[in-house]
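File shown here: query_1.cif, holding mmCIF, C-alpha atoms.
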data_model
loop_
_atom_site.label_atom_id
_atom_site.label_comp_id
_atom_site.auth_asym_id
_atom_site.auth_seq_id
_atom_site.Cartn_x
_atom_site.Cartn_y
_atom_site.Cartn_z
CA ASP A 1 2.56 14.91 -2.49
CA ALA A 2 -0.52 16.02 -4.41
CA LYS A 3 -3.95 14.95 -3.22
CA THR A 4 -6.14 12.69 -5.34
CA THR A 5 -9.92 12.34 -5.59
CA GLN A 6 -11.59 9.07 -6.54
CA PRO A 7 -15.22 7.92 -6.48
CA PRO A 8 -15.76 5.74 -3.41
CA SER A 9 -17.29 2.85 -5.31
CA MET A 10 -18.05 1.54 -8.80
CA ASP A 11 -19.66 -1.51 -10.30
CA CYS A 12 -18.63 -3.26 -13.48
CA ALA A 13 -20.03 -6.24 -15.36
CA GLU A 14 -17.74 -9.22 -15.75
CA GLY A 15 -16.02 -9.20 -19.14
CA ARG A 16 -16.56 -5.49 -19.68
CA ALA A 17 -13.95 -2.77 -19.39
CA ALA A 18 -13.64 -1.09 -16.01
CA ASN A 19 -12.70 2.58 -16.21
CA LEU A 20 -11.59 4.04 -12.89
CA PRO A 21 -11.15 7.82 -12.79
CA CYS A 22 -8.83 9.85 -10.61
CA ASN A 23 -8.51 13.61 -10.24
CA HIS A 24 -5.16 15.10 -9.26
CA SER A 25 -5.52 18.75 -10.19
CA THR A 26 -2.62 19.91 -7.98
CA ILE A 27 -0.08 17.48 -9.41
CA SER A 28 3.41 18.85 -9.81
CA GLY A 29 5.57 18.44 -12.87
CA ASN A 30 7.84 15.85 -11.25
CA GLU A 31 5.06 13.74 -9.71
CA TYR A 32 4.12 10.40 -11.16
CA VAL A 33 0.66 8.82 -11.11
CA TYR A 34 0.65 5.38 -9.49
CA TRP A 35 -2.14 2.85 -9.24
CA TYR A 36 -2.30 0.07 -6.69
CA ARG A 37 -5.11 -2.27 -5.74
CA GLN A 38 -5.91 -4.14 -2.57
CA ILE A 39 -7.93 -7.31 -2.62
CA HIS A 40 -9.70 -8.02 0.64
CA SER A 41 -7.34 -8.94 3.50
CA GLN A 42 -4.24 -8.76 1.30
CA GLY A 43 -1.42 -6.26 0.88
CA PRO A 44 -1.62 -3.68 -1.92
CA GLN A 45 -0.52 -4.80 -5.37
CA TYR A 46 1.24 -2.52 -7.83
CA ILE A 47 -0.63 -2.11 -11.12
CA ILE A 48 0.94 0.61 -13.22
CA HIS A 49 2.40 4.08 -13.13
CA GLY A 50 3.13 6.93 -15.52
CA LEU A 51 4.35 10.50 -15.76
CA LYS A 52 2.60 12.01 -18.77
CA ASN A 53 2.42 9.40 -21.51
CA ASN A 54 -0.22 6.72 -21.59
CA GLU A 55 1.05 3.39 -20.33
CA THR A 56 -0.03 -0.20 -20.83
CA ASN A 57 1.06 -3.46 -19.26
CA GLU A 58 -0.36 -6.92 -18.87
CA MET A 59 -2.72 -5.81 -16.13
CA ALA A 60 -4.09 -2.48 -17.24
CA SER A 61 -3.80 0.72 -19.20
CA LEU A 62 -3.26 4.16 -17.76
CA ILE A 63 -4.57 7.19 -19.60
CA ILE A 64 -3.30 10.57 -18.36
CA THR A 65 -4.87 13.76 -19.68
CA GLU A 66 -2.67 16.23 -21.47
CA ASP A 67 -2.83 18.72 -18.59
CA ARG A 68 -2.09 15.81 -16.18
CA LYS A 69 -4.88 16.88 -13.87
CA SER A 70 -6.70 13.59 -14.14
CA SER A 71 -6.17 10.01 -15.20
CA THR A 72 -8.12 6.83 -15.86
CA LEU A 73 -7.13 3.29 -15.08
CA ILE A 74 -8.60 0.83 -17.55
CA LEU A 75 -9.03 -2.88 -16.87
CA PRO A 76 -9.91 -4.06 -20.38
CA HIS A 77 -11.82 -7.22 -19.50
CA ALA A 78 -12.76 -7.21 -15.83
CA THR A 79 -13.06 -10.53 -14.01
CA LEU A 80 -14.51 -11.35 -10.63
CA ARG A 81 -10.96 -11.52 -9.27
CA ASP A 82 -10.53 -7.83 -10.10
CA THR A 83 -12.95 -6.94 -7.29
CA ALA A 84 -10.79 -4.81 -4.99
CA VAL A 85 -10.10 -1.31 -3.73
CA TYR A 86 -8.11 0.67 -6.29
CA TYR A 87 -5.84 3.45 -5.09
CA CYS A 88 -4.60 6.32 -7.24
CA ILE A 89 -1.51 7.96 -5.76
CA VAL A 90 0.67 10.77 -7.03
CA ARG A 91 4.19 11.18 -5.78
CA VAL A 92 7.70 12.14 -6.65
CA ASN A 93 9.59 9.05 -7.69
CA ASN A 94 12.61 9.07 -5.43
CA ALA A 95 14.09 6.48 -3.15
CA GLY A 96 12.93 7.90 0.16
CA ASN A 97 9.41 8.83 -0.80
CA MET A 98 6.72 6.56 0.59
CA LEU A 99 3.24 5.93 -0.76
CA THR A 100 0.40 7.77 0.93
CA PHE A 101 -3.00 6.16 0.49
CA GLY A 102 -6.31 7.95 0.15
CA GLY A 103 -9.73 6.39 0.25
CA GLY A 104 -9.55 4.61 -3.10
CA THR A 105 -12.38 3.25 -5.25
CA ARG A 106 -14.05 0.01 -4.26
CA LEU A 107 -14.65 -1.80 -7.57
CA MET A 108 -17.23 -4.55 -7.54
CA VAL A 109 -17.17 -6.78 -10.60
CA LYS A 110 -20.49 -8.53 -10.98
CA PRO A 111 -21.34 -11.66 -12.99
CA GLY B 1 8.06 -8.50 -9.48
CA ALA B 2 9.83 -8.29 -6.16
CA VAL B 3 8.44 -10.33 -3.29
CA VAL B 4 7.90 -9.20 0.28
CA SER B 5 6.88 -11.68 2.94
CA GLN B 6 5.45 -11.21 6.40
CA HIS B 7 5.29 -13.55 9.34
CA PRO B 8 3.00 -14.42 10.93
CA SER B 9 0.02 -13.91 8.65
CA TRP B 10 -2.25 -13.72 11.66
CA VAL B 11 -1.78 -13.72 15.41
CA ILE B 12 -4.02 -13.64 18.45
CA CYS B 13 -2.53 -12.48 21.70
CA LYS B 14 -3.69 -11.52 25.16
CA SER B 15 -3.82 -7.95 26.35
CA GLY B 16 -0.53 -6.86 27.90
CA THR B 17 1.69 -9.17 25.91
CA SER B 18 4.07 -8.23 23.09
CA VAL B 19 3.94 -9.41 19.51
CA LYS B 20 6.69 -9.35 16.89
CA ILE B 21 5.94 -9.18 13.17
CA GLU B 22 8.68 -9.90 10.63
CA CYS B 23 8.95 -8.39 7.16
CA ARG B 24 11.39 -9.77 4.62
CA SER B 25 12.32 -8.76 1.11
CA LEU B 26 12.95 -12.12 -0.54
CA ASP B 27 14.70 -11.31 -3.79
CA PHE B 28 16.01 -7.80 -3.38
CA GLN B 29 17.71 -5.60 -0.84
CA ALA B 30 15.63 -2.87 0.69
CA THR B 31 17.38 0.04 2.31
CA THR B 32 13.99 1.47 3.23
CA MET B 33 11.00 -0.35 4.64
CA PHE B 34 7.66 1.06 5.66
CA TRP B 35 5.06 -0.09 8.16
CA TYR B 36 1.37 0.62 7.63
CA ARG B 37 -1.70 -0.10 9.72
CA GLN B 38 -5.21 -0.59 8.39
CA PHE B 39 -8.39 -0.67 10.44
CA PRO B 40 -11.55 -2.29 9.01
CA LYS B 41 -13.02 -0.44 6.03
CA GLN B 42 -10.33 2.22 6.22
CA SER B 43 -7.33 3.02 4.08
CA LEU B 44 -3.74 2.23 4.90
CA MET B 45 -2.08 4.62 7.33
CA LEU B 46 1.68 4.94 7.40
CA MET B 47 3.10 4.28 10.84
CA ALA B 48 6.82 4.57 10.32
CA THR B 49 9.67 4.53 7.86
CA SER B 50 12.77 2.51 8.67
CA ASN B 51 16.16 2.67 7.06
CA GLU B 52 18.64 -0.12 7.46
CA GLY B 53 21.01 0.52 10.32
CA SER B 54 19.32 3.62 11.65
CA LYS B 55 16.38 4.56 13.85
CA ALA B 56 12.91 4.53 12.39
CA THR B 57 11.01 7.71 11.67
CA TYR B 58 7.52 7.61 13.12
CA GLU B 59 4.45 9.43 11.84
CA GLN B 60 2.70 11.87 14.09
CA GLY B 61 0.55 10.14 16.66
CA VAL B 62 2.37 6.82 16.51
CA GLU B 63 4.05 5.92 19.79
CA LYS B 64 7.63 4.88 19.14
CA ASP B 65 7.94 3.17 22.51
CA LYS B 66 4.90 1.05 21.81
CA PHE B 67 5.67 0.12 18.22
CA LEU B 68 9.33 -0.88 18.17
CA ILE B 69 10.87 -1.14 14.73
CA ASN B 70 14.20 -2.78 13.99
CA HIS B 71 15.75 -2.81 10.53
CA ALA B 72 18.94 -4.72 11.18
CA SER B 73 19.62 -5.94 7.66
CA LEU B 74 18.79 -5.06 4.07
CA THR B 75 16.22 -7.84 3.90
CA LEU B 76 14.59 -7.84 7.33
CA SER B 77 12.57 -5.38 9.37
CA THR B 78 10.59 -6.22 12.48
CA LEU B 79 7.71 -4.48 14.19
CA THR B 80 7.09 -5.29 17.84
CA VAL B 81 3.81 -4.22 19.38
CA THR B 82 4.58 -3.93 23.07
CA SER B 83 1.99 -4.27 25.82
CA ALA B 84 -0.71 -4.84 23.24
CA HIS B 85 -4.27 -3.69 23.91
CA PRO B 86 -7.51 -4.52 22.09
CA GLU B 87 -7.38 -1.17 20.28
CA ASP B 88 -4.11 -2.31 18.65
CA SER B 89 -6.06 -5.00 16.83
CA SER B 90 -5.54 -4.19 13.17
CA PHE B 91 -4.07 -5.31 9.86
CA TYR B 92 -0.37 -4.49 9.76
CA ILE B 93 1.29 -4.27 6.35
CA CYS B 94 4.94 -3.79 5.60
CA SER B 95 6.41 -2.47 2.41
CA ALA B 96 9.90 -2.48 0.97
CA ARG B 97 11.37 -0.16 -1.56
CA ASP B 98 13.36 -1.55 -4.45
CA VAL B 99 15.31 0.68 -6.82
CA GLY B 100 12.16 1.72 -8.61
CA GLU B 101 8.99 0.62 -6.91
CA GLN B 102 7.47 -0.02 -3.52
CA TYR B 103 6.28 -3.56 -2.88
CA PHE B 104 3.95 -4.72 -0.16
CA GLY B 105 3.80 -7.75 2.04
CA PRO B 106 0.60 -9.79 2.43
CA GLY B 107 -0.18 -8.27 5.82
CA THR B 108 -0.48 -9.56 9.38
CA ARG B 109 -3.81 -9.55 11.14
CA LEU B 110 -3.35 -8.92 14.85
CA THR B 111 -6.18 -9.59 17.27
CA VAL B 112 -5.68 -8.65 20.90
CA THR B 113 -8.12 -10.23 23.33
#

How does this structure look as structure tokens?
Amino acid sequence: DAKTTQPPSMDCAEGRAANLPCNHSTISGNEYVYWYRQIHSQGPQYIIHGLKNNETNEMASLIITEDRKSSTLILPHATLRDTAVYYCIVRVNNAGNMLTFGGGTRLMVKP
Amino acid sequence: GAVVSQHPSWVICKSGTSVKIECRSLDFQATTMFWYRQFPKQSLMLMATSNEGSKATYEQGVEKDKFLINHASLTLSTLTVTSAHPEDSSFYICSARDVGEQYFGPGTRLTVT
């Protein structure tokens, strides 16, 4: 699976949009971009994933650049409960393929 | 979304004893389950992949005789830490694969004294 690069930490003001970047310049054509987050002392939580089109769900939006070498996770109105470590993972979407976690971005939402 | 449970959520045991952690997929069948370990302020590290009815596949550096994994049914996998030592103290997280996505349990915090 391709390697990803994320900033180790970011701050965001409560109520503002949080934009979390991820670089995956070696991504292959059949690899998806996945985002998970882990709130302190809990298991990771799935947020969103995409292949090449932008995606949106009730939690977040995922913007993937046209060359697919980077992406941005957007939390439109961050709350204190969004404070967590956010992991960007790229992988082939098949049944046997597990998720491999990098360092992630520690997002601190401040009042 | 699919729900994965773990039991216990935390456990304290004495050095030399064994501890069993259960992982259950509550509303789906998981042919594949994964076990991760996470030390403080570090990322999750995959320990092993288990497929129902067959032997687990362990990652390099993980002792298969120390971390016994049993995946006897499509909804249950267990991890047994045998002869636990203080350095085995960690946050253990299981994950189960549904048709599309991989879902995670809430984790089990093991403290070995």

Resolved residues for the PyMOL selection byres ((chain B and resi 32) around 8) as a PyMOL selection string: (chain A and resi 96) or (chain B and resi 30-31+33-34+49-52+96-97)

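If only C-alpha atoms are the atoms counted, then among B:Leu110, B:Ile93, B:Cys23, B:Val11 the closest residue to Gln45 (chain A) is B:Ile93.
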
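Here the question is which of A:Asn19, A:Asn54, A:Thr100, A:Ser70 gets nearest to chain B using all atoms listed in the file, and that residue is A:Thr100.
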
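Distance annotation: of B:Gly16, B:Gly105, B:Gly61, B:Gly53, the residue with the minimal separation from chain A is B:Gly105; atom set is only C-alpha atoms.
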
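The two atoms in question, CA of Lys55 (chain B) and CA of Thr78 (chain B), are spaced 12.3 Å apart.
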
Specify as number ranges by chain all residues of chain B found within 12 Å of chain A, counting only C-alpha atoms. B: 1-6, 9-10, 30-51, 57, 59, 90-109

Would you pick out the contacts of Ile12 (chain B) at 10 Å or less, using only C-alpha atoms, so that residues sharing its chain but fewer than 6 positions from it are not included, and give the list as a list in words? Val19, Ser89, Arg109, Leu110, Thr111, Val112 and Thr113 of chain B

Take the residues just selected and output them with C-alpha atoms as a PDB file, in the frame of the given file.
ATOM      1  CA  VAL B  19       3.940  -9.410  19.510  1.00  0.00           C
ATOM      2  CA  SER B  89      -6.060  -5.000  16.830  1.00  0.00           C
ATOM      3  CA  ARG B 109      -3.810  -9.550  11.140  1.00  0.00           C
ATOM      4  CA  LEU B 110      -3.350  -8.920  14.850  1.00  0.00           C
ATOM      5  CA  THR B 111      -6.180  -9.590  17.270  1.00  0.00           C
ATOM      6  CA  VAL B 112      -5.680  -8.650  20.900  1.00  0.00           C
ATOM      7  CA  THR B 113      -8.120 -10.230  23.330  1.00  0.00           C
TER       8      THR B 113
END

Hits of the PyMOL selection byres ((chain A and resi 91) around 6) in this structure, as a list in words: Asp1, Glu31, Tyr32, Val90 and Val92 of chain A

Include C-alpha atoms and write out the residues we just selected as a short mmCIF file (atom, residue, chain, number, x, y, z; two decimals), keeping the file's coordinate frame.
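Written out: out_23.cif:
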data_model
loop_
_atom_site.label_atom_id
_atom_site.label_comp_id
_atom_site.auth_asym_id
_atom_site.auth_seq_id
_atom_site.Cartn_x
_atom_site.Cartn_y
_atom_site.Cartn_z
CA ASP A 1 2.56 14.91 -2.49
CA GLU A 31 5.06 13.74 -9.71
CA TYR A 32 4.12 10.40 -11.16
CA VAL A 90 0.67 10.77 -7.03
CA VAL A 92 7.70 12.14 -6.65
#

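With the shown file loaded, the PyMOL selection byres ((chain A and resi 14-17) around 12) picks out Asp11, Cys12, Ala13, Ala18, Asn19, Leu20, Ala60, Ser61, Thr72, Leu73, Ile74, Leu75, Pro76, His77, Ala78, Thr79, Leu80, Arg81, Asp82, Thr83, Leu107, Met108, Val109, Lys110 and Pro111 of chain A.
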
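Residue nearest Asn70 (chain B), chosen from B:Thr17, B:Ser54, B:Ser25, B:Ser83 and counting all atoms listed in the file: B:Ser54.
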
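What separates CA of Asp88 (chain B) from CA of Arg24 (chain B) is a distance of 22.2 Å.
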
For Thr4 (chain A): contacts at 7 Å, all atoms listed in the file, fewer than 6 positions along chain excluded, given as a VMD selection string: chain A and resid 22 to 24 88 to 89

Keeping only C-alpha atoms, write those residues as a CSV table (one decimal), keeping the file's coordinate frame.
chain,number,residue,atom,x,y,z
A,22,CYS,CA,-8.8,9.8,-10.6
A,23,ASN,CA,-8.5,13.6,-10.2
A,24,HIS,CA,-5.2,15.1,-9.3
A,88,CYS,CA,-4.6,6.3,-7.2
A,89,ILE,CA,-1.5,8.0,-5.8

So which one's closest to Ser28 (chain A), A:Leu51, A:Met10, A:Ala84, A:Met59? Using only C-alpha atoms, please. A:Leu51
